[in-house]
Amino acid sequence: MTTLFECLAAGSLAAATIQAVTALRALGRGPAPGRPDFLPPVSILKPLRGIDDRLLDSLERFCELDYPVYEVIFCAEGSSDPALRVARKVKALHPGTDIQVVVGDYRGGLNHSVNSLVAGYRAARHPLVLISDGNFAPSPGYLREAVSYLADPSVGMITHLIRATGARTLGARLENSHLNASILPSVALLKRGGGIPGVFGKSMLMRKEDLERLGGLESVCDYLVEDYILGDRIRKAGKRVIVPSAPLVSLNVYRTVREFLSRHKRWNRLRLSIAGPAYSFEFLANPIPFAVLLLAASHFSAWGATLAGAAAAWKVGLDALVQWRLGERQELRWIWLGPLRDLLAGCLWAYAFFSRTVSRRGQILQITRGSRLVPVGPRV
Amino acid sequence: MLLCDFHIHTTWSDGSVALTDVVDLYGQAGFDVIAITDHVYPSDNTIGAWAERLGKAVAADLFPDYLSALQQEADRALRRYGMLLIPGVEVTKNYLSEQDSAHALLLDVQDFISPDQSWLDIFREAREREAVVVACHPYHTAHEFHDTLHFWNHRQEYTPHVDAWEVANRTDLFTGVSLGNLPILANSDFHKPQHLYSWKTLLPCEKRVEAVKECIRDNRGVAITLFRNGTARE
């Protein structure tokens with residue numbers, strides 16, 4: 001038994017190492033540059049959903065982009081969303097920027113975020129659409145760089161890797177280090193190794209005509225991972241999805257441990273629904289649970305403890321390398337949280353197999369293949 | 001309507017978030033008016049003495065520094081977020097019996113008002129100095145370790161001296177306050193970031209300190225709202 005876990009831990013360490021090295025390479029080498037003089041007008045859709053950390057700053061950054069003609073459409077599904085007050089404040093603070101605040105009346109889908117996007121999309125006037133969910137603060141040149149790739153007609157979508165930063169609480173530290181040291185490397189590996197782009201809703205730039213040819217936003221309003229589905233459809237339609245090497249900066253400042261657990265329980269269920277059996281391989285890139293199992297199988301012997309400790313130290317070292325490369329040097333003093341986070345991640349990974357439903361406004365919804373939501377039973 | 005929270009603690013007392021970060025948290029969330037109300041304790045109170053020693057309360061000798069820090073942040077809050085910051089304190093008198101314990105907010109304080117006085121003397125001095133007096137969490141709460149029922153037990157005596165009563169504190173609602181037709185406010189009793197999502201007050205007035213104080217005293221058109229991040233049952 002001990003030998004089996006020794007092999008599994010060694011295999012897992014190898015997988016984690018490949019993943020980390022791929023991430024380091026992806027962060028250093030981007031696609032060939034686009035055409036900087038390609039500057040068509042862009043509609044930026046920002047779906048609003050509650051108060052994200054540093055929401056005002058994040059929304060304001062979209063009003064300060066270095067780009068000739070663009071509009072920003074803040075869209076919320078309901079008028080009670082507290083983020084609307086912030087969006088209206090931003091509109092008042094930036095009279096020189098073309099800003100619309102749209103409260104959606106579209107109720108066609110089970111994904112409320114997409115419902116609000118549909119309302120915003122209907123108000124969009126420009127040929128390019130940038131969908132940007134969540135709390136990230138773009139640099140002034142972000143839009144100019146992203147649009148430049150669309151000068152090539154074979155490119156269908158631009159998305160970005162995400163670097164999480166700004167943690168002040170334990171929950172936010174777990175969240176950010178998990179996003180940086182686990183999620184980002186696995187997305188990089190998928191893209192480099194399998195050619196499968198991990199599209200993040202935080203930044204999806206595409207042509208309106210492409211989106212409409214694929215069925216429009218209405219066609220994904222029952223999917224929980226509409227971002228992945230759109231990216232996948234673009235790819236299957238024969239167009240390329242570009243992921244620039246510089247990641248976007250996402251802010252998670254005050255997240256709680258409960259929020260961290262809840263978010264990744266949900267994400268894991270979604271990844272299982274998309275990847276199917278391939279989801280099992282995710283566990284292989286997390287050596288910490290194997291190290292713990294190895295320790296237990298060796299009856300907590302000195303040899304078992306040495307191997308488990310070495311595996312943990314190796315993984316912590318990989319995490320530190322990725323965090324350092326991302327510029328998260330101040331987070332290195334919290335790097336020892338890594339094994340705890342990976343152990344939690346292992347439990348959350350397993351949890352996905354036992355829960356295939358989500359609750360939205362009193363309605364139980366089953367997550368079916370491809371993250372499509374199907375109502376189960378009557379509304380409570 | 002102005003979105004307001006008049007009951008906020010920082011690391012000047014037992015809050016977990018520093019003053020600057022509290023201002024950013026509320027400013028980034030689009031608030032119009034906040035009051036910082038760190039704890040002050042009577043000098044003969046054992047808990048208060050320990051709290052002061054541990055830096056969990058504003059001691060009398062630190063009060064000028066406290067006010068100066070609040071003023072500096074008030075300037076920044078107005079400049080950066082267009083948000084008013086009103087300096088305040090929460091006079092905190094805890095005793096073994098919940099029946100005798102009480103907390104009161106004094107809003108827009110410019111001088112140290114000694115908590116060693118009786119409640120009525122504190123309220124009189126606060127009124128003379130044009131501060132607003134608010135009775136905090138006056139009834140049983142779900143979140144307080146130790147309830148503070150003294151004001152509620154003696155409400156006939158205190159009502160003329162109190163400008164408003166908390167009808168809601170964090171996630172608790174006190175129906176007695178609304179049924180008693182008392183002037184109301186709803187506050188978070190903020191100690192940590194997740195307390196941002198709690199009951200809040202909406203005031204129908206101009207965004208000026210004097211107008212806000214007048215609106216609380218007059219209490220006409222004051223509304224309360226449960227400030228939530230996301231949707232119910234989501």
# chains A, B, ... in the order shown; residues from 1 in each chain; ligands from 1

$ interface_residues --of "chain B" --to "chain A" --cutoff "10 Å" --atoms "only C-alpha atoms" --output "list in words"
Leu3, Val17, Asp24, Leu25, Tyr26, Gly27, Gln28, Ala29, Gly30, Phe31, Tyr81, Gly82, Lys192, Pro193, Gln194, Leu196, Tyr197, Phe227, Arg228, Asn229, Gly230, Thr231, Ala232, Arg233 and Glu234 of chain B

$ select_by_dssp --residues "region 40-75 of chain B" --states "helix (DSSP H, G or I)" --output "list in words"
Thr46, Ile47, Gly48, Ala49, Trp50, Ala51, Glu52, Arg53, Ala60, Asp61, Leu62, Phe63, Pro64, Asp65, Tyr66, Leu67, Ser68, Ala69, Leu70, Gln71, Gln72, Glu73, Ala74 and Asp75 of chain B

$ residues_around --residues "Thr201 (chain B)" --least-positions-apart "5" --cutoff "12 Å" --atoms "only C-alpha atoms" --output "ChimeraX atom specification"
/B:1-7,31-35,164-170,184-188,212,215-216,219,221-227

$ write_last_selection --atoms "C-alpha atoms" --output "PDB file, in the first residue's frame"
ATOM      1  CA  MET B   1     -31.842  59.150  -0.366  1.00  0.00           C
ATOM      2  CA  LEU B   2     -28.457  59.020   1.313  1.00  0.00           C
ATOM      3  CA  LEU B   3     -27.140  55.550   2.159  1.00  0.00           C
ATOM      4  CA  CYS B   4     -25.772  55.807   5.705  1.00  0.00           C
ATOM      5  CA  ASP B   5     -24.168  53.762   8.461  1.00  0.00           C
ATOM      6  CA  PHE B   6     -23.732  55.511  11.803  1.00  0.00           C
ATOM      7  CA  HIS B   7     -22.239  52.708  13.891  1.00  0.00           C
ATOM      8  CA  PHE B  31     -22.017  54.929   0.733  1.00  0.00           C
ATOM      9  CA  ASP B  32     -22.894  58.594   1.217  1.00  0.00           C
ATOM     10  CA  VAL B  33     -22.486  59.050   4.978  1.00  0.00           C
ATOM     11  CA  ILE B  34     -20.672  57.054   7.651  1.00  0.00           C
ATOM     12  CA  ALA B  35     -19.945  57.697  11.318  1.00  0.00           C
ATOM     13  CA  ALA B 164     -32.885  58.116  17.710  1.00  0.00           C
ATOM     14  CA  TRP B 165     -33.071  54.455  18.658  1.00  0.00           C
ATOM     15  CA  GLU B 166     -31.555  51.667  16.636  1.00  0.00           C
ATOM     16  CA  VAL B 167     -34.532  49.841  15.165  1.00  0.00           C
ATOM     17  CA  ALA B 168     -32.080  47.492  13.470  1.00  0.00           C
ATOM     18  CA  ASN B 169     -28.539  46.560  14.320  1.00  0.00           C
ATOM     19  CA  ARG B 170     -26.519  44.371  11.941  1.00  0.00           C
ATOM     20  CA  ILE B 184     -35.213  55.311  14.301  1.00  0.00           C
ATOM     21  CA  LEU B 185     -31.865  54.514  12.702  1.00  0.00           C
ATOM     22  CA  ALA B 186     -30.502  51.230  11.362  1.00  0.00           C
ATOM     23  CA  ASN B 187     -26.788  50.471  11.593  1.00  0.00           C
ATOM     24  CA  SER B 188     -24.276  47.704  11.053  1.00  0.00           C
ATOM     25  CA  VAL B 212     -27.834  64.821   8.316  1.00  0.00           C
ATOM     26  CA  CYS B 215     -32.725  64.761   9.515  1.00  0.00           C
ATOM     27  CA  ILE B 216     -31.943  62.196  12.231  1.00  0.00           C
ATOM     28  CA  ASN B 219     -36.716  61.607  11.696  1.00  0.00           C
ATOM     29  CA  GLY B 221     -38.945  60.063   5.893  1.00  0.00           C
ATOM     30  CA  VAL B 222     -36.139  57.983   7.434  1.00  0.00           C
ATOM     31  CA  ALA B 223     -36.062  54.543   5.829  1.00  0.00           C
ATOM     32  CA  ILE B 224     -34.080  51.424   6.540  1.00  0.00           C
ATOM     33  CA  THR B 225     -32.665  48.917   4.084  1.00  0.00           C
ATOM     34  CA  LEU B 226     -31.020  45.523   4.359  1.00  0.00           C
ATOM     35  CA  PHE B 227     -27.807  46.034   2.416  1.00  0.00           C
TER      36      PHE B 227
END

$ residues_around --residues "Tyr158 (chain B)" --least-positions-apart "4" --cutoff "9 Å" --atoms "only C-alpha atoms" --output "ChimeraX atom specification"
/B:119-120,151-152,154,162

$ residues_around --residues "region 108-122 of chain A" --least-positions-apart "5" --cutoff "6 Å" --atoms "only C-alpha atoms" --output "ChimeraX atom specification"
/A:47,75-77,221-222

$ write_last_selection --atoms "N, CA and C atoms" --output "PDB file, in the first residue's frame"
ATOM      1  N   PRO A  47     -21.256  43.218 -16.283  1.00  0.00           N
ATOM      2  CA  PRO A  47     -22.378  42.776 -15.463  1.00  0.00           C
ATOM      3  C   PRO A  47     -22.097  43.069 -13.988  1.00  0.00           C
ATOM      4  N   CYS A  75     -24.458  46.602 -16.385  1.00  0.00           N
ATOM      5  CA  CYS A  75     -25.777  45.981 -16.429  1.00  0.00           C
ATOM      6  C   CYS A  75     -26.044  45.131 -15.185  1.00  0.00           C
ATOM      7  N   ALA A  76     -27.203  45.337 -14.601  1.00  0.00           N
ATOM      8  CA  ALA A  76     -27.615  44.556 -13.426  1.00  0.00           C
ATOM      9  C   ALA A  76     -28.933  43.884 -13.745  1.00  0.00           C
ATOM     10  N   GLU A  77     -29.156  42.760 -13.091  1.00  0.00           N
ATOM     11  CA  GLU A  77     -30.404  42.047 -13.389  1.00  0.00           C
ATOM     12  C   GLU A  77     -31.600  42.675 -12.672  1.00  0.00           C
ATOM     13  N   CYS A 221     -27.748  31.298 -21.967  1.00  0.00           N
ATOM     14  CA  CYS A 221     -28.272  31.836 -20.710  1.00  0.00           C
ATOM     15  C   CYS A 221     -28.747  30.745 -19.735  1.00  0.00           C
ATOM     16  N   ASP A 222     -28.710  29.490 -20.136  1.00  0.00           N
ATOM     17  CA  ASP A 222     -29.018  28.411 -19.199  1.00  0.00           C
ATOM     18  C   ASP A 222     -27.753  27.673 -18.766  1.00  0.00           C
TER      19      ASP A 222
END

$ select_by_dssp --residues "region 159-200 of chain A" --states "strand (DSSP E)" --output "list in words"
Thr159, Ile162, Arg163, Ala164 and Thr165 of chain A

$ atom_distance --atom1 "CA of Ala146 (chain A)" --atom2 "CA of Lys191 (chain A)"
17.8 Å

$ residues_around --residues "Gly176 (chain B)" --least-positions-apart "3" --cutoff "10 Å" --atoms "only C-alpha atoms" --output "ChimeraX atom specification"
/B:138-139,152,167,173,179-182

$ write_last_selection --atoms "N, CA and C atoms" --output "PDB file, in the first residue's frame"
ATOM      1  N   PRO B 138     -30.963  48.325  21.569  1.00  0.00           N
ATOM      2  CA  PRO B 138     -31.608  48.484  22.874  1.00  0.00           C
ATOM      3  C   PRO B 138     -32.365  47.247  23.354  1.00  0.00           C
ATOM      4  N   TYR B 139     -32.466  46.232  22.500  1.00  0.00           N
ATOM      5  CA  TYR B 139     -33.242  45.058  22.903  1.00  0.00           C
ATOM      6  C   TYR B 139     -32.389  43.807  22.698  1.00  0.00           C
ATOM      7  N   TRP B 152     -33.871  50.422  27.230  1.00  0.00           N
ATOM      8  CA  TRP B 152     -35.221  49.930  26.927  1.00  0.00           C
ATOM      9  C   TRP B 152     -36.032  49.802  28.213  1.00  0.00           C
ATOM     10  N   VAL B 167     -33.423  50.774  15.406  1.00  0.00           N
ATOM     11  CA  VAL B 167     -34.532  49.841  15.165  1.00  0.00           C
ATOM     12  C   VAL B 167     -33.977  48.557  14.541  1.00  0.00           C
ATOM     13  N   LEU B 173     -33.611  42.990  14.086  1.00  0.00           N
ATOM     14  CA  LEU B 173     -34.652  44.026  14.017  1.00  0.00           C
ATOM     15  C   LEU B 173     -35.329  44.107  15.378  1.00  0.00           C
ATOM     16  N   LEU B 179     -42.778  49.764  17.020  1.00  0.00           N
ATOM     17  CA  LEU B 179     -44.124  49.776  17.596  1.00  0.00           C
ATOM     18  C   LEU B 179     -44.277  50.911  18.615  1.00  0.00           C
ATOM     19  N   GLY B 180     -43.170  51.253  19.265  1.00  0.00           N
ATOM     20  CA  GLY B 180     -43.202  52.336  20.253  1.00  0.00           C
ATOM     21  C   GLY B 180     -43.169  53.709  19.612  1.00  0.00           C
ATOM     22  N   ASN B 181     -43.178  53.736  18.266  1.00  0.00           N
ATOM     23  CA  ASN B 181     -43.200  55.002  17.530  1.00  0.00           C
ATOM     24  C   ASN B 181     -42.019  55.905  17.898  1.00  0.00           C
ATOM     25  N   LEU B 182     -40.874  55.291  18.137  1.00  0.00           N
ATOM     26  CA  LEU B 182     -39.679  56.048  18.495  1.00  0.00           C
ATOM     27  C   LEU B 182     -38.927  56.454  17.225  1.00  0.00           C
TER      28      LEU B 182
END

$ atom_distance --atom1 "CA of Pro185 (chain A)" --atom2 "CA of Gly317 (chain A)"
14.1 Å

$ residues_around --residues "Leu332 (chain A)" --least-positions-apart "3" --cutoff "9 Å" --atoms "only C-alpha atoms" --output "PDB file with N, CA and C atoms, in the first residue's frame"
ATOM      1  N   ASP A 319       4.727  26.475  -5.844  1.00  0.00           N
ATOM      2  CA  ASP A 319       3.794  27.595  -5.605  1.00  0.00           C
ATOM      3  C   ASP A 319       4.561  28.913  -5.514  1.00  0.00           C
ATOM      4  N   ALA A 320       5.677  28.858  -4.769  1.00  0.00           N
ATOM      5  CA  ALA A 320       6.470  30.076  -4.564  1.00  0.00           C
ATOM      6  C   ALA A 320       7.013  30.593  -5.891  1.00  0.00           C
ATOM      7  N   GLN A 323       4.090  32.223  -7.803  1.00  0.00           N
ATOM      8  CA  GLN A 323       3.717  33.493  -7.155  1.00  0.00           C
ATOM      9  C   GLN A 323       4.785  34.558  -7.406  1.00  0.00           C
ATOM     10  N   TRP A 324       6.040  34.142  -7.330  1.00  0.00           N
ATOM     11  CA  TRP A 324       7.149  35.087  -7.543  1.00  0.00           C
ATOM     12  C   TRP A 324       7.103  35.606  -8.975  1.00  0.00           C
ATOM     13  N   GLU A 328       3.763  38.407  -7.045  1.00  0.00           N
ATOM     14  CA  GLU A 328       3.109  38.393  -5.738  1.00  0.00           C
ATOM     15  C   GLU A 328       4.150  38.089  -4.651  1.00  0.00           C
ATOM     16  N   ARG A 329       5.205  38.912  -4.618  1.00  0.00           N
ATOM     17  CA  ARG A 329       6.311  38.594  -3.706  1.00  0.00           C
ATOM     18  C   ARG A 329       5.940  38.776  -2.248  1.00  0.00           C
ATOM     19  N   ILE A 335       3.271  31.496   2.115  1.00  0.00           N
ATOM     20  CA  ILE A 335       3.342  30.340   1.234  1.00  0.00           C
ATOM     21  C   ILE A 335       3.116  29.031   1.997  1.00  0.00           C
ATOM     22  N   TRP A 336       3.413  29.055   3.306  1.00  0.00           N
ATOM     23  CA  TRP A 336       3.224  27.859   4.133  1.00  0.00           C
ATOM     24  C   TRP A 336       1.749  27.463   4.242  1.00  0.00           C
TER      25      TRP A 336
END
